[in-house]
$ cat run_10.csv   # CSV, C-alpha atoms
chain,number,residue,atom,x,y,z
W,1046,MET,CA,0.0,0.0,0.0
W,1047,THR,CA,2.9,2.3,0.8
W,1048,GLU,CA,4.3,1.8,-2.7
W,1049,VAL,CA,0.9,2.6,-4.3
W,1050,ILE,CA,0.6,5.9,-2.3
W,1051,ALA,CA,4.2,6.8,-3.3
W,1052,VAL,CA,3.3,6.3,-7.0
W,1053,VAL,CA,0.3,8.6,-6.7
W,1054,ILE,CA,2.2,11.3,-4.7
W,1055,GLN,CA,5.0,11.7,-7.2
W,1056,PHE,CA,2.4,12.9,-9.8
W,1057,ILE,CA,0.6,15.4,-7.5
W,1058,PRO,CA,2.8,18.3,-8.7
W,1059,LEU,CA,1.9,17.7,-12.3
W,1060,LEU,CA,-1.8,17.5,-11.4
W,1061,ILE,CA,-1.6,20.8,-9.5
W,1062,LEU,CA,0.2,22.4,-12.5
W,1063,LEU,CA,-2.5,21.2,-14.9
W,1064,LEU,CA,-5.3,22.5,-12.7
W,1065,LEU,CA,-3.6,25.9,-12.5
W,1066,ALA,CA,-2.9,26.1,-16.2
W,1067,ASN,CA,-6.4,25.0,-17.2
W,1068,GLY,CA,-7.8,27.4,-14.6
W,1069,ALA,CA,-6.0,30.2,-16.4
W,1070,GLU,CA,-7.7,29.3,-19.6
W,1071,SER,CA,-11.2,28.8,-18.1
W,1072,PRO,CA,-13.8,30.8,-20.1
W,1073,ARG,CA,-15.5,31.7,-16.8
W,1074,LEU,CA,-12.4,33.7,-15.8
W,1075,LYS,CA,-12.2,35.6,-19.1
W,1076,LYS,CA,-14.2,38.5,-20.3
W,1077,ASP,CA,-14.7,38.7,-24.1
W,1078,GLY,CA,-11.8,36.3,-24.5
W,1079,GLU,CA,-9.5,38.5,-22.5
W,1080,ARG,CA,-7.8,37.4,-19.3
W,1081,GLY,CA,-9.3,38.7,-16.1
W,1082,GLY,CA,-7.6,39.1,-12.7
W,1083,ALA,CA,-8.1,35.5,-11.6
W,1084,SER,CA,-7.0,34.2,-15.0
W,1085,VAL,CA,-3.8,36.2,-14.9
W,1086,THR,CA,-3.1,35.1,-11.3
W,1087,LEU,CA,-3.4,31.4,-12.2
W,1088,MET,CA,-1.2,32.0,-15.2
W,1089,VAL,CA,1.5,33.6,-13.1
W,1090,PHE,CA,1.3,30.8,-10.6
W,1091,SER,CA,1.7,28.3,-13.4
W,1092,TYR,CA,4.8,30.1,-14.7
W,1093,VAL,CA,6.3,30.4,-11.2
W,1094,PHE,CA,5.6,26.7,-10.5
W,1095,LEU,CA,7.4,25.6,-13.6
W,1096,ALA,CA,10.3,28.1,-13.2
W,1097,ILE,CA,10.9,27.1,-9.6
W,1098,SER,CA,10.8,23.4,-10.4
W,1099,TYR,CA,13.2,23.6,-13.2
W,1100,LEU,CA,15.5,26.0,-11.5
W,1101,PHE,CA,15.7,23.6,-8.5
W,1102,MET,CA,16.5,20.7,-10.8
W,1103,PHE,CA,19.0,22.8,-12.8
W,1104,ILE,CA,20.9,23.7,-9.6
W,1105,VAL,CA,20.8,20.1,-8.3
W,1106,GLY,CA,22.1,18.8,-11.7
W,1107,ALA,CA,24.8,21.5,-12.0
W,1108,MET,CA,26.0,20.8,-8.4
W,1109,ILE,CA,26.3,17.1,-9.1
W,1110,HIS,CA,28.1,17.8,-12.4
W,1111,LEU,CA,30.4,20.4,-10.8
W,1112,THR,CA,31.2,18.2,-7.8
W,1113,SER,CA,32.1,15.2,-10.0
W,1114,PHE,CA,34.2,17.6,-12.2
W,1115,ILE,CA,36.2,18.9,-9.2
W,1116,ALA,CA,36.5,15.4,-7.8
W,1117,THR,CA,38.1,14.0,-11.0
W,1118,ARG,CA,40.8,16.7,-10.6
W,1119,GLY,CA,41.5,15.8,-7.0
W,1120,GLY,CA,39.7,18.7,-5.4
W,1121,ILE,CA,37.2,16.6,-3.5
W,1122,ASP,CA,37.5,13.2,-2.0
W,1123,LEU,CA,34.4,11.3,-2.8
W,1124,PRO,CA,33.7,8.1,-0.7
W,1125,ALA,CA,35.0,5.1,-2.7
W,1126,GLU,CA,33.6,2.6,-0.2
W,1127,MET,CA,30.4,2.3,1.7
W,1128,PRO,CA,29.7,-0.3,4.4
W,1129,GLY,CA,27.8,-3.3,2.9
W,1130,ALA,CA,27.9,-1.9,-0.6
W,1131,ASP,CA,29.5,-3.5,-3.6
W,1132,PRO,CA,32.8,-1.5,-4.3
W,1133,LYS,CA,32.4,-2.0,-8.1
W,1134,LEU,CA,28.8,-0.6,-7.9
W,1135,ILE,CA,30.0,2.4,-5.9
W,1136,ASP,CA,32.8,3.0,-8.5
W,1137,THR,CA,30.3,2.8,-11.3
W,1138,LEU,CA,28.0,5.3,-9.6
W,1139,LEU,CA,30.9,7.7,-9.0
W,1140,GLN,CA,31.9,7.5,-12.7
W,1141,SER,CA,28.4,8.2,-13.9
W,1142,LEU,CA,27.9,11.3,-11.7
W,1143,PRO,CA,28.8,13.8,-14.5
W,1144,TYR,CA,26.2,12.3,-16.8
W,1145,VAL,CA,23.6,12.1,-14.0
W,1146,GLY,CA,24.2,15.8,-13.4
W,1147,ALA,CA,23.9,16.6,-17.1
W,1148,SER,CA,20.7,14.6,-17.3
W,1149,PHE,CA,19.1,17.0,-14.9
W,1150,TRP,CA,20.5,20.4,-15.8
W,1151,VAL,CA,20.4,20.2,-19.6
W,1152,PRO,CA,16.7,19.4,-19.9
W,1153,SER,CA,15.9,21.7,-17.0
W,1154,LEU,CA,17.5,24.6,-18.9
W,1155,LEU,CA,15.5,23.7,-22.0
W,1156,GLY,CA,12.3,23.6,-19.8
W,1157,LEU,CA,13.1,27.1,-18.6
W,1158,LEU,CA,13.7,28.3,-22.2
W,1159,LEU,CA,10.4,27.0,-23.3
W,1160,LEU,CA,8.7,29.5,-21.0
W,1161,ILE,CA,9.9,32.3,-23.3
W,1162,PRO,CA,7.0,33.3,-25.6
W,1163,ALA,CA,9.2,34.1,-28.6
W,1164,LEU,CA,10.6,30.5,-28.6
W,1165,ARG,CA,7.1,29.0,-28.3
W,1166,ARG,CA,6.0,31.1,-31.2
W,1167,MET,CA,8.7,29.6,-33.3
W,1168,ILE,CA,7.7,26.1,-32.2
W,1169,ALA,CA,4.0,26.9,-33.0
W,1170,ARG,CA,5.0,27.2,-36.6
W,1171,VAL,CA,5.6,23.4,-36.7
W,1172,LEU,CA,3.4,22.1,-34.0
W,1173,PRO,CA,-0.4,22.7,-33.6
W,1174,ILE,CA,-0.1,24.6,-30.4
W,1175,ARG,CA,-0.9,28.2,-29.3
W,1176,SER,CA,2.1,30.0,-27.9
W,1177,ASP,CA,-0.1,32.1,-25.6
W,1178,HIS,CA,-2.1,29.1,-24.3
W,1179,MET,CA,-1.1,28.3,-20.7
W,1180,VAL,CA,-2.0,24.6,-21.0
W,1181,HIS,CA,0.1,24.2,-24.1
W,1182,THR,CA,2.9,26.1,-22.5
W,1183,ALA,CA,2.8,24.0,-19.3
W,1184,SER,CA,2.6,20.7,-21.3
W,1185,LEU,CA,5.4,21.6,-23.7
W,1186,SER,CA,7.7,22.7,-20.9
W,1187,PHE,CA,6.9,19.8,-18.5
W,1188,SER,CA,7.6,17.4,-21.3
W,1189,MET,CA,11.3,18.0,-20.5
W,1190,CYS,CA,10.7,15.9,-17.4
W,1191,ILE,CA,10.4,12.9,-19.6
W,1192,TRP,CA,13.7,13.7,-21.1
W,1193,ILE,CA,15.2,13.9,-17.6
W,1194,TYR,CA,13.7,10.5,-16.7
W,1195,PHE,CA,15.2,8.9,-19.9
W,1196,PHE,CA,18.6,10.5,-19.7
W,1197,PHE,CA,18.9,9.6,-16.0
W,1198,PHE,CA,18.4,6.0,-16.9
W,1199,ILE,CA,21.0,6.2,-19.7
W,1200,ALA,CA,23.5,8.1,-17.4
W,1201,LEU,CA,23.3,5.4,-14.7
W,1202,GLY,CA,23.2,2.5,-17.1
W,1203,LEU,CA,20.6,-0.3,-17.2
W,1204,ASP,CA,23.0,-2.7,-15.5
W,1205,THR,CA,23.6,-0.3,-12.5
W,1206,ILE,CA,19.8,0.3,-12.2
W,1207,SER,CA,19.1,-3.4,-12.3
W,1208,LYS,CA,21.5,-3.9,-9.4
W,1209,LEU,CA,20.1,-1.0,-7.4
W,1210,THR,CA,16.5,-2.2,-7.9
W,1211,ALA,CA,17.2,-5.8,-7.2
W,1212,THR,CA,15.6,-7.0,-3.9
W,1213,PRO,CA,16.8,-10.2,-2.3
W,1214,GLY,CA,14.2,-12.8,-1.3
W,1215,GLU,CA,10.7,-12.8,-2.6
W,1216,VAL,CA,9.9,-10.5,-5.5
W,1217,ALA,CA,7.1,-8.0,-4.9
W,1218,ASN,CA,4.0,-8.0,-7.0
W,1219,PRO,CA,4.2,-4.9,-9.2
W,1220,MET,CA,0.4,-5.2,-10.2
W,1221,PRO,CA,-0.9,-2.6,-7.6
W,1222,GLU,CA,1.8,-0.1,-8.4
W,1223,LEU,CA,1.2,-0.5,-12.2
W,1224,TRP,CA,-2.5,0.1,-11.9
W,1225,ALA,CA,-2.0,3.0,-9.6
W,1226,GLN,CA,0.4,4.6,-12.1
W,1227,GLN,CA,-1.8,4.1,-15.1
W,1228,ILE,CA,-5.0,5.2,-13.4
W,1229,THR,CA,-3.1,8.3,-12.4
W,1230,PHE,CA,-2.0,8.8,-16.0
W,1231,PHE,CA,-5.6,8.6,-17.0
W,1232,LEU,CA,-6.6,11.3,-14.5
W,1233,ILE,CA,-3.7,13.4,-15.7
W,1234,ALA,CA,-5.0,13.1,-19.2
W,1235,LEU,CA,-8.5,14.1,-18.1
W,1236,ILE,CA,-7.4,17.0,-16.0
W,1237,GLY,CA,-4.9,18.1,-18.7
W,1238,VAL,CA,-7.6,18.6,-21.3
W,1239,GLY,CA,-9.7,20.6,-18.9
W,1240,TRP,CA,-11.8,18.3,-16.8
W,1241,LEU,CA,-12.9,20.1,-13.6
W,1242,THR,CA,-12.0,23.5,-15.0
W,1243,ARG,CA,-12.8,24.1,-18.7
W,1244,ARG,CA,-14.8,21.0,-19.7
W,1245,ASN,CA,-17.2,18.6,-18.2
W,1246,LEU,CA,-16.5,14.9,-18.2
W,1247,GLY,CA,-18.2,14.1,-21.5
W,1248,GLU,CA,-16.4,16.9,-23.3
W,1249,SER,CA,-13.1,15.8,-21.8
W,1250,LEU,CA,-13.6,12.2,-22.9
W,1251,ARG,CA,-14.5,13.4,-26.5
W,1252,ARG,CA,-11.4,15.6,-26.5
W,1253,LEU,CA,-9.3,12.6,-25.6
W,1254,GLY,CA,-10.9,10.6,-28.4
W,1255,LEU,CA,-12.5,8.2,-26.0
W,1256,VAL,CA,-15.8,7.0,-27.5
W,1257,LEU,CA,-17.6,3.7,-27.7
W,1258,PRO,CA,-15.8,1.9,-30.5
W,1259,THR,CA,-17.7,0.2,-33.2
W,1260,PRO,CA,-17.4,-3.6,-33.7
W,1261,ARG,CA,-15.3,-2.9,-36.8
W,1262,GLN,CA,-12.9,-0.7,-34.8
W,1263,VAL,CA,-12.5,-3.3,-32.1
W,1264,LEU,CA,-11.6,-5.9,-34.8
W,1265,ILE,CA,-9.2,-3.4,-36.4
W,1266,GLY,CA,-7.7,-2.9,-33.0
W,1267,ILE,CA,-7.2,-6.6,-32.3
W,1268,GLY,CA,-5.9,-7.3,-35.8
W,1269,SER,CA,-3.5,-4.3,-35.7
W,1270,GLY,CA,-2.2,-5.4,-32.3
W,1271,LEU,CA,-1.5,-9.0,-33.5
W,1272,LEU,CA,0.2,-7.6,-36.7
W,1273,LEU,CA,2.4,-5.4,-34.5
W,1274,VAL,CA,3.4,-8.4,-32.4
W,1275,ALA,CA,4.3,-10.3,-35.6
W,1276,GLY,CA,6.3,-7.3,-36.9
W,1277,ALA,CA,8.1,-6.9,-33.6
W,1278,LEU,CA,9.1,-10.6,-33.5
W,1279,LEU,CA,10.2,-10.4,-37.2
W,1280,LEU,CA,12.3,-7.4,-36.5
W,1281,GLU,CA,13.9,-9.1,-33.5
W,1282,ASN,CA,14.7,-12.2,-35.5
W,1283,LEU,CA,16.1,-10.2,-38.4
W,1284,ALA,CA,18.3,-8.2,-36.0
W,1285,HIS,CA,19.5,-11.4,-34.5
W,1286,TRP,CA,20.2,-12.9,-37.9
W,1287,ILE,CA,22.5,-9.9,-38.9
W,1288,GLY,CA,24.2,-10.1,-35.5
W,1289,PHE,CA,22.5,-7.4,-33.6
W,1290,THR,CA,21.5,-9.2,-30.4
W,1291,GLN,CA,19.3,-7.9,-27.6
W,1292,ASP,CA,21.0,-6.1,-24.7
W,1293,PRO,CA,21.0,-8.6,-21.8
W,1294,HIS,CA,20.7,-5.7,-19.3
W,1295,VAL,CA,17.4,-4.8,-20.9
W,1296,GLU,CA,16.0,-8.3,-20.4
W,1297,LYS,CA,17.3,-8.4,-16.9
W,1298,LEU,CA,15.8,-5.1,-15.8
W,1299,THR,CA,12.5,-5.9,-17.6
W,1300,GLU,CA,12.4,-9.2,-15.8
W,1301,GLU,CA,12.9,-7.5,-12.4
W,1302,LEU,CA,10.3,-4.8,-13.1
W,1303,LEU,CA,7.6,-6.9,-14.8
W,1304,GLY,CA,8.6,-10.5,-14.4
W,1305,PRO,CA,6.1,-11.4,-11.7
W,1306,LEU,CA,3.2,-10.3,-14.0
W,1307,TYR,CA,4.0,-13.1,-16.4
W,1308,GLY,CA,3.2,-15.7,-13.8
W,1309,SER,CA,-0.6,-15.3,-13.8
W,1310,VAL,CA,-3.5,-14.5,-16.1
W,1311,TRP,CA,-4.4,-11.4,-14.1
W,1312,GLY,CA,-0.8,-10.2,-14.3
W,1313,ILE,CA,-0.7,-10.5,-18.1
W,1314,LEU,CA,-4.1,-8.7,-18.4
W,1315,THR,CA,-2.7,-6.0,-16.2
W,1316,LEU,CA,0.3,-5.6,-18.5
W,1317,GLY,CA,-2.1,-4.9,-21.4
W,1318,LEU,CA,-5.1,-3.2,-19.9
W,1319,SER,CA,-3.4,-0.8,-17.6
W,1320,ALA,CA,-1.0,0.5,-20.2
W,1321,ALA,CA,-3.9,0.8,-22.7
W,1322,LEU,CA,-5.8,2.9,-20.2
W,1323,GLY,CA,-3.1,5.3,-19.0
W,1324,GLU,CA,-0.5,5.6,-21.8
W,1325,GLU,CA,-3.1,5.9,-24.6
W,1326,ALA,CA,-5.1,8.5,-22.7
W,1327,ILE,CA,-2.0,10.7,-22.2
W,1328,PHE,CA,-0.1,10.2,-25.4
W,1329,ARG,CA,-2.6,9.4,-28.2
W,1330,GLY,CA,-5.5,11.1,-26.4
W,1331,ALA,CA,-4.2,14.3,-24.9
W,1332,LEU,CA,-0.8,15.0,-26.5
W,1333,LEU,CA,-1.0,13.8,-30.1
W,1334,PRO,CA,-3.5,16.5,-31.3
W,1335,ARG,CA,-1.2,19.2,-29.9
W,1336,PHE,CA,2.3,17.8,-30.2
W,1337,GLY,CA,1.9,16.0,-33.5
W,1338,LEU,CA,2.8,12.4,-34.5
W,1339,ILE,CA,6.6,12.5,-34.3
W,1340,LEU,CA,7.1,14.4,-31.0
W,1341,THR,CA,4.3,12.4,-29.2
W,1342,THR,CA,5.8,9.1,-30.4
W,1343,LEU,CA,9.3,10.2,-29.3
W,1344,LEU,CA,8.0,11.1,-25.8
W,1345,PHE,CA,6.1,7.8,-25.7
W,1346,THR,CA,9.4,6.0,-26.5
W,1347,LEU,CA,11.4,7.9,-23.9
W,1348,LEU,CA,8.9,7.0,-21.2
W,1349,HIS,CA,10.0,3.4,-21.7
W,1350,SER,CA,13.4,4.2,-20.4
W,1351,ASN,CA,13.9,0.7,-19.0
W,1352,TYR,CA,14.8,-0.3,-22.6
W,1353,GLY,CA,17.7,2.2,-22.7
W,1354,LEU,CA,19.0,2.5,-26.2
W,1355,SER,CA,18.4,-0.9,-27.7
W,1356,LEU,CA,16.4,-2.7,-30.3
W,1357,SER,CA,13.4,-2.6,-28.0
W,1358,THR,CA,13.6,1.2,-28.1
W,1359,LEU,CA,13.2,1.1,-31.9
W,1360,VAL,CA,10.3,-1.3,-31.6
W,1361,VAL,CA,8.5,0.9,-29.1
W,1362,PHE,CA,9.0,3.9,-31.4
W,1363,LEU,CA,7.6,2.0,-34.4
W,1364,VAL,CA,4.6,0.8,-32.3
W,1365,GLY,CA,4.0,4.4,-31.2
W,1366,LEU,CA,4.0,5.6,-34.8
W,1367,VAL,CA,1.3,3.0,-35.7
W,1368,LEU,CA,-0.7,3.9,-32.7
W,1369,GLY,CA,-0.6,7.5,-33.6
W,1370,LEU,CA,-1.7,6.9,-37.2
W,1371,LEU,CA,-4.6,4.8,-36.0
W,1372,ARG,CA,-5.6,7.5,-33.5
W,1373,ASN,CA,-5.7,10.0,-36.4
W,1374,ARG,CA,-7.6,7.6,-38.5
W,1375,TYR,CA,-10.1,6.3,-35.9
W,1376,ASN,CA,-10.0,7.3,-32.2
W,1377,THR,CA,-8.1,6.7,-29.0
W,1378,SER,CA,-10.5,3.9,-28.0
W,1379,THR,CA,-9.3,1.9,-31.0
W,1380,THR,CA,-5.6,2.5,-30.0
W,1381,MET,CA,-6.4,1.2,-26.5
W,1382,VAL,CA,-7.6,-2.1,-28.1
W,1383,VAL,CA,-4.4,-2.2,-30.1
W,1384,HIS,CA,-2.1,-1.5,-27.2
W,1385,ALA,CA,-3.9,-4.0,-24.9
W,1386,THR,CA,-3.8,-6.7,-27.6
W,1387,TYR,CA,-0.1,-6.1,-28.3
W,1388,ASN,CA,1.0,-6.2,-24.6
W,1389,ILE,CA,-1.2,-9.1,-23.7
W,1390,SER,CA,0.0,-11.1,-26.7
W,1391,LEU,CA,3.7,-10.4,-25.8
W,1392,GLY,CA,3.0,-11.2,-22.2
W,1393,THR,CA,1.4,-14.5,-23.1
W,1394,LEU,CA,4.3,-15.4,-25.3
W,1395,ALA,CA,6.8,-14.5,-22.6
W,1396,ALA,CA,4.9,-16.7,-20.1
W,1397,LEU,CA,4.8,-19.6,-22.5
W,1398,TYR,CA,8.5,-19.5,-23.4
W,1399,SER,CA,9.9,-18.5,-20.0
$ encode --input "run_10.csv" --output "structure tokens"
Amino acid sequence: MTEVIAVVIQFIPLLILLLLANGAESPRLKKDGERGGASVTLMVFSYVFLAISYLFMFIVGAMIHLTSFIATRGGIDLPAEMPGADPKLIDTLLQSLPYVGASFWVPSLLGLLLLIPALRRMIARVLPIRSDHMVHTASLSFSMCIWIYFFFFIALGLDTISKLTATPGEVANPMPELWAQQITFFLIALIGVGWLTRRNLGESLRRLGLVLPTPRQVLIGIGSGLLLVAGALLLENLAHWIGFTQDPHVEKLTEELLGPLYGSVWGILTLGLSAALGEEAIFRGALLPRFGLILTTLLFTLLHSNYGLSLSTLVVFLVGLVLGLLRNRYNTSTTMVVHATYNISLGTLAALYS
């Protein structure tokens, strides 16, 4: 239960930001389309919230980077040993500090720069966003947090993260945490498009592309999901044939994070249904109409940082492209069926061949 609460708490800042940003765009707080006092106040709060958050992460990252830089020149003695810790792991962590620091301060700096209206106006020439819209501003700037998440994984290395997350003894069931995360994602998508502030529930669901799918759309979703599975397996075998093998650290970390789900029907269903609910609502539902196909797919790929830079990363990107195209052709409900079918099929194959 503690882990579930921790999962929800880490997304509370984003929920607050989206409520502030949507409140700033609420028609009830505007007069003849112009911002009133309350709208301006909420807009300022949104800017301050983002600025303080990124400034904090920039300082933390810069300090880590600077400390490691000075240490490499003998200016600071960092602890090479810790009681009960693997010396090799400690050495690896110390060597990765410059990259860990950069993984924070570089995207944070970009997040701050995206608060500049002139830069957003340039971006609005290629993305269907409004440079003066607070929700678009908050979403674009906050997307840098996904880059921080991804580069942090790359900086530490999948092998190091696998060792840090390994727990001796009985492996915990990740099902409650996964559902908590994806349900929170769904709420983020709803609130992000204006639920509770600018739109009612029905309007928010329609904005997300969540409608009752027709039988034909369900069949298209199932068929597309199965075709994606076949394509992913074909790509994997082709890569293996030409000598490009899967990164063993990817398999090890994936097994530690999701392995227990493959042991039961409910676990495999969770793998498919939870991701279909949360990830599709955010990426294909909320972000795709504003960020476009390529940027949305890239962010979707970066979220799967447990794959690092590997063949699996390419597969996720290609799957994301197909999901985006299907969202544009049909609706998000159809892509939910695709995503669920894809994950459940892969989970079933993993369970059968493990």
$ atom_distance --input "run_10.csv" --atom1 "atom CA of Gly1146 of chain W" --atom2 "atom CA of Met1108 of chain W"
7.3 Å
$ residues_around --input "run_10.csv" --residues "Ala1096 of chain W" --least-positions-apart "4" --cutoff "10 Å" --atoms "all atoms listed in the file" --output "JSON, numbers by chain"
{"W": [1090, 1091, 1092, 1100, 1101, 1102, 1153, 1154, 1156, 1157, 1158, 1160, 1186]}
$ residues_near_point --input "run_10.csv" --point "(-1.7, 5.0, -34.5)" --cutoff "12 Å" --atoms "only C-alpha atoms" --output "PyMOL selection string"
chain W and resi 1265-1266+1269-1270+1273+1325+1328-1330+1333+1337-1339+1341-1342+1362-1384
$ closest_residue --input "run_10.csv" --among "W:Gly1254, W:Gln1226, W:Asn1351, W:Ser1176" --to "Asp1292 of chain W" --atoms "only C-alpha atoms"
W:Asn1351
$ residues_around --input "run_10.csv" --residues "Leu1172 of chain W" --least-positions-apart "5" --cutoff "10 Å" --atoms "all atoms listed in the file" --output "count of residues only"
9
$ closest_atom_pairs --input "run_10.csv" --of "segment 1063-1137 of chain W" --to "segment 1233-1251 of chain W" --cutoff "10 Å" --atoms "all atoms listed in the file" --output "CSV"
residue,atom,partner,partner_atom,distance
W:Leu1063,CA,W:Gly1237,CA,5.5
W:Leu1064,CA,W:Ile1236,CA,6.7
W:Leu1065,CA,W:Thr1242,CA,9.1
W:Ala1066,CA,W:Gly1237,CA,8.6
W:Asn1067,CA,W:Gly1239,CA,5.8
W:Gly1068,CA,W:Thr1242,CA,5.7
W:Ala1069,CA,W:Thr1242,CA,9.1
W:Glu1070,CA,W:Arg1243,CA,7.3
W:Ser1071,CA,W:Arg1243,CA,5.0
W:Pro1072,CA,W:Arg1243,CA,6.9
W:Arg1073,CA,W:Arg1243,CA,8.3
$ atom_distance --input "run_10.csv" --atom1 "atom CA of Lys1297 of chain W" --atom2 "atom CA of Leu1209 of chain W"
12.4 Å
$ atom_distance --input "run_10.csv" --atom1 "atom CA of Thr1259 of chain W" --atom2 "atom CA of Gly1317 of chain W"
20.2 Å
$ residues_around --input "run_10.csv" --residues "Gly1308 of chain W" --least-positions-apart "3" --cutoff "12 Å" --atoms "all atoms listed in the file" --output "list in words"
Val1216, Asn1218, Pro1219, Met1220, Glu1300, Leu1303, Gly1304, Pro1305, Trp1311, Gly1312, Ile1313, Leu1314, Thr1315, Leu1316, Gly1392, Thr1393, Leu1394, Ala1395, Ala1396, Leu1397, Tyr1398 and Ser1399 of chain W
$ closest_residue --input "run_10.csv" --among "W:Gly1323, W:Gly1202, W:Gly1288, W:Pro1293" --to "Thr1229 of chain W" --atoms "all atoms listed in the file"
W:Gly1323
$ residues_around --input "run_10.csv" --residues "Phe1230 of chain W" --least-positions-apart "5" --cutoff "8 Å" --atoms "all atoms listed in the file" --output "JSON list (two decimals) with C-alpha atoms, in the frame of the given file"
[["chain", "number", "residue", "atom", "x", "y", "z"],
["W", 1323, "GLY", "CA", -3.10, 5.30, -19.00],
["W", 1324, "GLU", "CA", -0.50, 5.60, -21.80],
["W", 1326, "ALA", "CA", -5.10, 8.50, -22.70],
["W", 1327, "ILE", "CA", -2.00, 10.70, -22.20]]
$ closest_residue --input "run_10.csv" --among "W:Leu1344, W:Ala1320, W:Glu1079, W:Thr1205" --to "Lys1133 of chain W" --atoms "all atoms listed in the file"
W:Thr1205
$ build_atoms --input "run_10.csv" --residues "segment 1136-1149 of chain W" --atoms "N, CA, C and O atoms" --output "mmCIF file, in the coordinates of the input"
data_model
loop_
_atom_site.group_PDB
_atom_site.id
_atom_site.type_symbol
_atom_site.label_atom_id
_atom_site.label_comp_id
_atom_site.auth_asym_id
_atom_site.auth_seq_id
_atom_site.Cartn_x
_atom_site.Cartn_y
_atom_site.Cartn_z
ATOM 1 N N ASP W 1136 31.912 2.423 -7.463
ATOM 2 C CA ASP W 1136 32.800 3.000 -8.500
ATOM 3 C C ASP W 1136 32.061 3.395 -9.724
ATOM 4 O O ASP W 1136 32.291 4.465 -10.301
ATOM 5 N N THR W 1137 31.148 2.529 -10.149
ATOM 6 C CA THR W 1137 30.300 2.800 -11.300
ATOM 7 C C THR W 1137 29.463 4.034 -11.122
ATOM 8 O O THR W 1137 29.319 4.888 -12.010
ATOM 9 N N LEU W 1138 28.874 4.135 -9.937
ATOM 10 C CA LEU W 1138 28.000 5.300 -9.600
ATOM 11 C C LEU W 1138 28.813 6.582 -9.636
ATOM 12 O O LEU W 1138 28.344 7.600 -10.156
ATOM 13 N N LEU W 1139 30.019 6.550 -9.074
ATOM 14 C CA LEU W 1139 30.900 7.700 -9.000
ATOM 15 C C LEU W 1139 31.249 8.174 -10.461
ATOM 16 O O LEU W 1139 31.274 9.365 -10.772
ATOM 17 N N GLN W 1140 31.546 7.206 -11.320
ATOM 18 C CA GLN W 1140 31.900 7.500 -12.700
ATOM 19 C C GLN W 1140 30.762 8.093 -13.499
ATOM 20 O O GLN W 1140 30.969 8.850 -14.461
ATOM 21 N N SER W 1141 29.541 7.729 -13.106
ATOM 22 C CA SER W 1141 28.400 8.200 -13.900
ATOM 23 C C SER W 1141 27.859 9.545 -13.387
ATOM 24 O O SER W 1141 26.967 10.118 -14.017
ATOM 25 N N LEU W 1142 28.422 10.074 -12.304
ATOM 26 C CA LEU W 1142 27.900 11.300 -11.700
ATOM 27 C C LEU W 1142 27.886 12.499 -12.746
ATOM 28 O O LEU W 1142 26.911 13.268 -12.775
ATOM 29 N N PRO W 1143 28.915 12.692 -13.580
ATOM 30 C CA PRO W 1143 28.800 13.800 -14.500
ATOM 31 C C PRO W 1143 27.634 13.702 -15.468
ATOM 32 O O PRO W 1143 26.981 14.700 -15.780
ATOM 33 N N TYR W 1144 27.348 12.482 -15.904
ATOM 34 C CA TYR W 1144 26.200 12.300 -16.800
ATOM 35 C C TYR W 1144 24.894 12.384 -16.102
ATOM 36 O O TYR W 1144 23.913 12.875 -16.674
ATOM 37 N N VAL W 1145 24.865 11.947 -14.848
ATOM 38 C CA VAL W 1145 23.600 12.100 -14.000
ATOM 39 C C VAL W 1145 23.341 13.590 -13.866
ATOM 40 O O VAL W 1145 22.194 14.033 -14.009
ATOM 41 N N GLY W 1146 24.372 14.356 -13.539
ATOM 42 C CA GLY W 1146 24.200 15.800 -13.400
ATOM 43 C C GLY W 1146 23.666 16.448 -14.649
ATOM 44 O O GLY W 1146 22.716 17.238 -14.620
ATOM 45 N N ALA W 1147 24.274 16.074 -15.788
ATOM 46 C CA ALA W 1147 23.900 16.600 -17.100
ATOM 47 C C ALA W 1147 22.424 16.231 -17.422
ATOM 48 O O ALA W 1147 21.692 16.999 -18.057
ATOM 49 N N SER W 1148 22.031 15.018 -17.008
ATOM 50 C CA SER W 1148 20.700 14.600 -17.300
ATOM 51 C C SER W 1148 19.626 15.408 -16.610
ATOM 52 O O SER W 1148 18.456 15.425 -17.029
ATOM 53 N N PHE W 1149 20.028 16.132 -15.575
ATOM 54 C CA PHE W 1149 19.100 17.000 -14.900
ATOM 55 C C PHE W 1149 19.201 18.468 -15.421
ATOM 56 O O PHE W 1149 18.190 19.084 -15.750
#
